[in-house]
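Notes to accompany the following structure.
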Amino acid sequence: MAGGNILMFVEIKGTCRRKDLVEEYILNLAKKLGLSRRKTGEIIITFINRMTEKYSDAIGLCEGDRTEALITISKDQSYYEQMRTLAHEMVHAKQFMKGEYPSEMEAKRAEFDLFGRCYPWEKT
């Protein structure tokens, strides 16, 4: 997926409801988090039915480094909870890709604001 000023590569794997809105939401999140001007890098977002046993207590996960972020979102929550979780994990993606310490406090603090500001509510 590429759009707007986003130069990096973003891919959605698995099935999710309203993929068109999810794609727009991801672009909005990337812009808001300052990832839209990156010339390289990729973010891969995978929607799965349930987290693996190793991460069974989690509803989302982000692993990454300066060049890529791998985000996993559990569909074992409502659609809007998935979108809020995606905002949380995108904060971690930003942290990894900018070489910042992955702060859970920052992600938790930002998730509701990002969800409210970046989700394309006008198209729902």
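Ordering of the structure tokens sets the chain letters (A, B, ...), residue numbers begin anew at 1 in every chain, and ligands are numbered from 1 in the order given.
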
Secondary structure check, alpha helix (DSSP H) residues of region 23-91 of chain A, as a PyMOL selection string: chain A and resi 23-32+79-91

File of the preceding selection, C-alpha atoms, as an mmCIF file, in the first residue's frame:
data_model
loop_
_atom_site.group_PDB
_atom_site.id
_atom_site.type_symbol
_atom_site.label_atom_id
_atom_site.label_comp_id
_atom_site.auth_asym_id
_atom_site.auth_seq_id
_atom_site.Cartn_x
_atom_site.Cartn_y
_atom_site.Cartn_z
ATOM 1 C CA GLU A 23 -5.637 1.306 4.975
ATOM 2 C CA GLU A 24 -6.619 4.974 5.240
ATOM 3 C CA TYR A 25 -6.309 4.789 9.028
ATOM 4 C CA ILE A 26 -2.775 3.383 8.774
ATOM 5 C CA LEU A 27 -1.760 6.193 6.394
ATOM 6 C CA ASN A 28 -3.207 8.752 8.803
ATOM 7 C CA LEU A 29 -1.372 7.153 11.742
ATOM 8 C CA ALA A 30 1.912 7.101 9.804
ATOM 9 C CA LYS A 31 1.557 10.805 9.015
ATOM 10 C CA LYS A 32 0.648 11.733 12.591
ATOM 11 C CA TYR A 79 -13.356 -4.013 15.486
ATOM 12 C CA TYR A 80 -12.895 -0.659 17.224
ATOM 13 C CA GLU A 81 -10.724 -2.263 19.904
ATOM 14 C CA GLN A 82 -8.598 -3.696 17.076
ATOM 15 C CA MET A 83 -8.220 -0.186 15.653
ATOM 16 C CA ARG A 84 -7.244 1.262 19.047
ATOM 17 C CA THR A 85 -4.746 -1.593 19.466
ATOM 18 C CA LEU A 86 -3.374 -0.824 16.006
ATOM 19 C CA ALA A 87 -2.782 2.801 17.070
ATOM 20 C CA HIS A 88 -0.934 1.550 20.167
ATOM 21 C CA GLU A 89 1.264 -0.799 18.131
ATOM 22 C CA MET A 90 1.957 1.895 15.515
ATOM 23 C CA VAL A 91 3.468 3.994 18.327
#

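All residues of protein, DNA or RNA that reach within 10 Å of Phe47 (chain A), judged by only C-alpha atoms and not counting those fewer than 6 positions away in the chain, are Ile12, Lys13, Gly14, Thr15, Cys16, Gly60, Ile71, Thr72, Ile73, Ser74, Lys75, Asp76, Gln82 and Leu86 of chain A.
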
Tell me which of A:Ile59, A:Ser103, A:Phe9, A:Arg18 sits closest to Lys39 (chain A), counting only C-alpha atoms.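 Result for the nearest residue to Lys39 (chain A): A:Phe9.
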
In chain A, DSSP strand (DSSP E) residues written as a PyMOL selection string: chain A and resi 9-13+42-48+60-64+68-74

Nearest-residue call for Ala58 (chain A), choices A:Gln77, A:Met97, A:Ile45, A:Asp113, using only C-alpha atoms: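 For Ala58 (chain A), the nearest of the given residues is A:Gln77.
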
Excluding Met8 (chain A) and its own-chain neighbours fewer than 3 positions away, which residues fall within 9 Å of it when counting only C-alpha atoms? Please give them as a PyMOL selection string. chain A and resi 1-2+35-43

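Here CA of Ala107 (chain A) is placed at a distance of 21.1 Å from CA of Ile48 (chain A).
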
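Each of A:Arg117, A:Thr124, A:Val10, A:Gly99 was compared to Gly64 (chain A) using only C-alpha atoms, and A:Gly99 turns out to be the nearest.
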